[in-house]
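Below you'll find the structure, written out as C-alpha cells, and then a few comments.
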Amino acid sequence: MQVLYEDNHIIIVNKACGEIVQGDKTGDEPLVERVRQWIKEKYAKPGNVFCGVTHRIDRPTCGLVMFARTSKGLSRVNELFRKGEVHKTYWAIVKNRPPKDSDTLTHYLTPVEKNNKTYVSDTPREGAVKAVLKYRLIGSGDNYHLLEIDLLTGRKHQIRAQLSHIGCPIKGDLKYGAPRSNPDGGISLQSHRMWFEHPVSHVVVDVTAPLPPDPLWQALAP
C-alpha cells in the first residue's frame, strides 16, 4: 500500500492488484483495514480509528482508491460521487486495437451475481442499466495497445465488460475474454488519475498513480 495524498479528511492510496477494498466472503484482510492501521500507527491513535470507504475498484484492478478519515469527510465525498464531481481516468492495456482511436461507448449492462459477471447489450432491456464511457488510444506496441478511459457512469465491471464487447478485452482478464492470465493474477487496468474540488478546503486535489512495475506499462505509456 502506498499513500499518495493525505489530509485531515481524506486519504488516497495506490492499491495493488489482488487487494480487496472492503471485506468479503474470502476473509482476506481488506485495504480499508490496512489504511486504518496505517493511520493508527502514524498518529499513535488510541482506540478505534475512523476510515470510511467512499468507492471501490475491482480486486484484480490496481490504482487509486480514496478513503475518508472523518465522518464529515465521508458524507461530503459521498455527495461528490453522487453528483459526479469526482473525475476518474483509467488506463487499460488491450491486445486488440479498438475499431476507432477514440470513441464514446454506450451500452446496457446486466450484472449477474451467480457468476459475478456483467453482460452487455447494445439496446435497452429489462433490468439493464445504461453505461457510458469515453476512450482514446494513447500508446501502441507490436502486440498491445494502451487506452485512456473516462467513466461517465460507474457500473459494476463497466470498463472490462464494455471493452470486451467491442473486441478489446483487457490483458489478463480471463472473465471477459483475455486468452491468458497475467503472472500476478491481476488485470492490466489501472485507476490512473483522480481529481476533484476538496469538499472541505475547496482546493483542487489532483492525484496520479505511478505506473505498475510491469515493463509493458512503461513501454506503452506516452
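Here, A, B, ... name the chains of the C-alpha cells in the order displayed, residue numbers run from 1 inside each chain, and ligands are numbered from 1 in the same displayed order.
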
Identify, on the basis of only C-alpha atoms, every residue whose closest approach to region 98-112 of chain A does not exceed 7 Å; exclude the query and any residue fewer than 5 positions from it along the same chain; express the result as a PDB file with C-alpha atoms, in the first residue's frame.
ATOM      1  CA  LYS A 117     -20.126 -11.151 -14.309  1.00  0.00           C
ATOM      2  CA  THR A 118     -21.703  -8.271 -16.199  1.00  0.00           C
ATOM      3  CA  TYR A 119     -23.417  -8.841 -19.542  1.00  0.00           C
ATOM      4  CA  VAL A 120     -23.600  -6.203 -22.266  1.00  0.00           C
ATOM      5  CA  SER A 121     -26.391  -5.262 -24.644  1.00  0.00           C
ATOM      6  CA  ASP A 122     -26.376  -2.654 -27.396  1.00  0.00           C
ATOM      7  CA  THR A 123     -30.027  -1.806 -26.744  1.00  0.00           C
ATOM      8  CA  PRO A 124     -32.087  -1.220 -23.580  1.00  0.00           C
ATOM      9  CA  GLY A 127     -33.176  -4.916 -15.666  1.00  0.00           C
ATOM     10  CA  ALA A 128     -30.203  -3.424 -17.523  1.00  0.00           C
ATOM     11  CA  VAL A 129     -28.549  -0.122 -16.581  1.00  0.00           C
ATOM     12  CA  LYS A 130     -27.133   2.392 -19.041  1.00  0.00           C
ATOM     13  CA  ALA A 131     -23.330   2.627 -19.095  1.00  0.00           C
ATOM     14  CA  VAL A 132     -21.273   5.293 -20.849  1.00  0.00           C
ATOM     15  CA  LEU A 133     -17.522   5.741 -21.174  1.00  0.00           C
ATOM     16  CA  LYS A 134     -15.112   7.577 -23.432  1.00  0.00           C
ATOM     17  CA  TYR A 135     -11.816   6.095 -24.519  1.00  0.00           C
ATOM     18  CA  ARG A 136      -8.856   7.151 -26.593  1.00  0.00           C
ATOM     19  CA  LEU A 137      -5.792   5.315 -27.820  1.00  0.00           C
ATOM     20  CA  CYS A 168     -10.799  -5.391 -26.824  1.00  0.00           C
TER      21      CYS A 168
END

**Study point:** DSSP alpha helix (DSSP H) selection over region 32-141 of chain A, as a list in words
**Key:** Val32, Glu33, Arg34, Val35, Arg36, Gln37, Trp38, Ile39, Lys40, Glu41, Lys42, Ser71, Lys72, Gly73, Leu74, Ser75, Arg76, Val77, Asn78, Glu79, Leu80, Phe81 and Arg82 of chain A

Review point. Could you pull the residues within 12 Å of Asp184 (chain A), counting only C-alpha atoms, minus those fewer than 3 positions along the same chain, as a VMD selection string?
Key: chain A and resid 16 to 19 60 to 62 171 to 173 180 to 181 187 to 188 212 to 214

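Of the residues under consideration (A:Ser140, A:Asn14, A:Ile93, A:Pro46), A:Ile93 shows the shortest atom-to-atom contact distance to Asn182 (chain A) when counting only C-alpha atoms.
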
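Residues in contact range of Lys83 (chain A), defined as at most 12 Å between only C-alpha atoms, with sequence neighbours fewer than 4 positions away removed, read Arg76, Val77, Asn78, Glu79, His87, Leu152, Thr153, Gly154 and Phe196 of chain A.
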
Practice item. Just list the residues in region 23-149 of chain A DSSP gives strand (DSSP E or B) on the backbone, as a ChimeraX atom specification. Key: /A:52-53,62-68,87-94,102-112,117-121,129-140,145-149

Could those residues be written to a file, using N, CA and C atoms, as a short mmCIF file (atom, residue, chain, number, x, y, z; two decimals), in the first residue's frame?
data_model
loop_
_atom_site.label_atom_id
_atom_site.label_comp_id
_atom_site.auth_asym_id
_atom_site.auth_seq_id
_atom_site.Cartn_x
_atom_site.Cartn_y
_atom_site.Cartn_z
N GLY A 52 -13.48 5.52 6.32
CA GLY A 52 -14.70 5.25 5.57
C GLY A 52 -14.42 4.96 4.11
N VAL A 53 -15.09 3.94 3.58
CA VAL A 53 -14.94 3.59 2.16
C VAL A 53 -15.83 4.50 1.32
N CYS A 62 -5.66 -2.31 -10.28
CA CYS A 62 -4.78 -1.56 -9.40
C CYS A 62 -5.06 -0.06 -9.52
N GLY A 63 -4.46 0.71 -8.62
CA GLY A 63 -4.54 2.16 -8.75
C GLY A 63 -5.24 2.87 -7.60
N LEU A 64 -5.73 4.05 -7.87
CA LEU A 64 -6.17 4.98 -6.83
C LEU A 64 -7.48 4.59 -6.17
N VAL A 65 -7.46 4.63 -4.85
CA VAL A 65 -8.68 4.46 -4.05
C VAL A 65 -8.67 5.52 -2.95
N MET A 66 -9.80 6.19 -2.77
CA MET A 66 -9.91 7.23 -1.76
C MET A 66 -10.73 6.73 -0.56
N PHE A 67 -10.24 7.04 0.63
CA PHE A 67 -10.95 6.75 1.88
C PHE A 67 -11.17 8.06 2.63
N ALA A 68 -12.16 8.06 3.50
CA ALA A 68 -12.43 9.23 4.34
C ALA A 68 -11.89 9.01 5.74
N HIS A 87 -13.74 13.11 -10.65
CA HIS A 87 -13.40 12.70 -12.01
C HIS A 87 -12.29 11.65 -11.95
N LYS A 88 -12.50 10.55 -12.67
CA LYS A 88 -11.53 9.45 -12.64
C LYS A 88 -11.16 9.04 -14.06
N THR A 89 -9.87 8.84 -14.26
CA THR A 89 -9.37 8.34 -15.54
C THR A 89 -8.68 7.01 -15.30
N TYR A 90 -9.00 6.06 -16.15
CA TYR A 90 -8.37 4.74 -16.08
C TYR A 90 -7.46 4.53 -17.28
N TRP A 91 -6.43 3.72 -17.09
CA TRP A 91 -5.60 3.24 -18.20
C TRP A 91 -5.76 1.74 -18.30
N ALA A 92 -5.87 1.24 -19.54
CA ALA A 92 -6.05 -0.20 -19.76
C ALA A 92 -5.17 -0.65 -20.92
N ILE A 93 -4.53 -1.79 -20.75
CA ILE A 93 -3.77 -2.42 -21.83
C ILE A 93 -4.65 -3.49 -22.46
N VAL A 94 -4.82 -3.40 -23.79
CA VAL A 94 -5.64 -4.36 -24.52
C VAL A 94 -4.81 -5.00 -25.64
N SER A 102 -10.57 6.83 -30.93
CA SER A 102 -11.29 7.40 -29.80
C SER A 102 -12.78 7.27 -30.06
N ASP A 103 -13.56 7.10 -29.00
CA ASP A 103 -14.99 6.89 -29.18
C ASP A 103 -15.69 7.02 -27.84
N THR A 104 -16.99 7.21 -27.90
CA THR A 104 -17.86 7.14 -26.73
C THR A 104 -18.69 5.87 -26.85
N LEU A 105 -18.61 5.02 -25.84
CA LEU A 105 -19.36 3.77 -25.85
C LEU A 105 -20.57 3.88 -24.94
N THR A 106 -21.73 3.53 -25.48
CA THR A 106 -22.96 3.50 -24.69
C THR A 106 -23.56 2.10 -24.81
N HIS A 107 -23.69 1.43 -23.70
CA HIS A 107 -24.26 0.08 -23.67
C HIS A 107 -25.22 -0.04 -22.50
N TYR A 108 -25.83 -1.21 -22.40
CA TYR A 108 -26.75 -1.50 -21.30
C TYR A 108 -26.25 -2.77 -20.61
N LEU A 109 -26.00 -2.67 -19.32
CA LEU A 109 -25.32 -3.73 -18.58
C LEU A 109 -26.26 -4.44 -17.62
N THR A 110 -26.11 -5.75 -17.57
CA THR A 110 -26.87 -6.57 -16.63
C THR A 110 -25.90 -7.37 -15.78
N PRO A 111 -25.70 -7.01 -14.52
CA PRO A 111 -24.81 -7.79 -13.65
C PRO A 111 -25.52 -9.05 -13.15
N VAL A 112 -24.80 -10.16 -13.12
CA VAL A 112 -25.34 -11.43 -12.64
C VAL A 112 -24.50 -11.88 -11.45
N LYS A 117 -20.48 -11.64 -12.98
CA LYS A 117 -20.13 -11.15 -14.31
C LYS A 117 -21.20 -10.20 -14.81
N THR A 118 -20.78 -9.25 -15.63
CA THR A 118 -21.70 -8.27 -16.20
C THR A 118 -21.86 -8.53 -17.69
N TYR A 119 -23.12 -8.56 -18.14
CA TYR A 119 -23.42 -8.84 -19.54
C TYR A 119 -23.84 -7.56 -20.25
N VAL A 120 -23.47 -7.45 -21.52
CA VAL A 120 -23.60 -6.20 -22.27
C VAL A 120 -24.61 -6.35 -23.39
N SER A 121 -25.45 -5.33 -23.53
CA SER A 121 -26.39 -5.26 -24.64
C SER A 121 -26.23 -3.92 -25.34
N VAL A 129 -28.83 -1.53 -16.88
CA VAL A 129 -28.55 -0.12 -16.58
C VAL A 129 -27.66 0.46 -17.69
N LYS A 130 -27.89 1.71 -17.99
CA LYS A 130 -27.13 2.39 -19.04
C LYS A 130 -25.70 2.66 -18.55
N ALA A 131 -24.74 2.42 -19.44
CA ALA A 131 -23.33 2.63 -19.10
C ALA A 131 -22.66 3.39 -20.22
N VAL A 132 -21.93 4.45 -19.85
CA VAL A 132 -21.27 5.29 -20.85
C VAL A 132 -19.82 5.53 -20.44
N LEU A 133 -18.92 5.37 -21.40
CA LEU A 133 -17.52 5.74 -21.17
C LEU A 133 -16.94 6.31 -22.46
N LYS A 134 -15.88 7.08 -22.29
CA LYS A 134 -15.11 7.58 -23.43
C LYS A 134 -13.73 6.95 -23.36
N TYR A 135 -13.18 6.60 -24.51
CA TYR A 135 -11.82 6.09 -24.52
C TYR A 135 -11.03 6.76 -25.64
N ARG A 136 -9.72 6.75 -25.49
CA ARG A 136 -8.86 7.15 -26.59
C ARG A 136 -7.57 6.35 -26.54
N LEU A 137 -7.03 6.06 -27.70
CA LEU A 137 -5.79 5.32 -27.82
C LEU A 137 -4.62 6.25 -27.52
N ILE A 138 -3.78 5.89 -26.54
CA ILE A 138 -2.66 6.79 -26.19
C ILE A 138 -1.29 6.12 -26.37
N GLY A 139 -1.28 4.83 -26.70
CA GLY A 139 0.00 4.16 -26.91
C GLY A 139 -0.18 2.84 -27.62
N SER A 140 0.77 2.47 -28.48
CA SER A 140 0.70 1.19 -29.18
C SER A 140 2.09 0.57 -29.28
N HIS A 145 -1.95 -2.45 -26.91
CA HIS A 145 -2.32 -1.04 -27.05
C HIS A 145 -2.76 -0.50 -25.69
N LEU A 146 -2.51 0.78 -25.45
CA LEU A 146 -2.87 1.43 -24.19
C LEU A 146 -4.01 2.42 -24.43
N LEU A 147 -5.08 2.25 -23.67
CA LEU A 147 -6.24 3.12 -23.77
C LEU A 147 -6.39 3.96 -22.51
N GLU A 148 -6.81 5.21 -22.69
CA GLU A 148 -7.21 6.07 -21.57
C GLU A 148 -8.72 6.14 -21.57
N ILE A 149 -9.32 5.91 -20.41
CA ILE A 149 -10.77 5.80 -20.31
C ILE A 149 -11.31 6.79 -19.29
#

Review point. Can you tell me, as a VMD selection string, what residues are no more than 8 Å from Glu85 (chain A) when counting only C-alpha atoms, ignoring any on the same chain fewer than 4 positions away?
Key: chain A and resid 80 to 81 196 to 197

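By chain and then residue number, the residues within 12 Å of Asp28 (chain A) are Gly18, Glu19, Ile20, Val21, Gln22, Arg34 and Arg59 of chain A, counting only C-alpha atoms and disregarding those fewer than 6 positions away in sequence.
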
Saved selection, atoms kept: N, CA and C atoms, as a short mmCIF file (atom, residue, chain, number, x, y, z; two decimals), in the first residue's frame:
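Just written: again.cif:
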data_model
loop_
_atom_site.label_atom_id
_atom_site.label_comp_id
_atom_site.auth_asym_id
_atom_site.auth_seq_id
_atom_site.Cartn_x
_atom_site.Cartn_y
_atom_site.Cartn_z
N GLY A 18 -5.10 -7.48 -6.74
CA GLY A 18 -5.25 -8.60 -5.82
C GLY A 18 -5.77 -8.19 -4.46
N GLU A 19 -5.64 -6.92 -4.11
CA GLU A 19 -6.17 -6.45 -2.82
C GLU A 19 -7.66 -6.15 -2.95
N ILE A 20 -8.40 -6.44 -1.89
CA ILE A 20 -9.81 -6.07 -1.85
C ILE A 20 -9.96 -4.78 -1.06
N VAL A 21 -10.87 -3.92 -1.51
CA VAL A 21 -11.08 -2.64 -0.84
C VAL A 21 -11.83 -2.84 0.48
N GLN A 22 -12.92 -3.62 0.42
CA GLN A 22 -13.73 -3.92 1.59
C GLN A 22 -13.72 -5.42 1.85
N ARG A 34 -6.06 -2.01 6.35
CA ARG A 34 -4.64 -1.65 6.29
C ARG A 34 -4.46 -0.14 6.39
N ARG A 59 -11.08 -6.15 -7.47
CA ARG A 59 -9.91 -6.78 -6.85
C ARG A 59 -8.73 -6.93 -7.81
#

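You will find CA of Asn8 (chain A) at 7.7 Å from CA of Thr70 (chain A).
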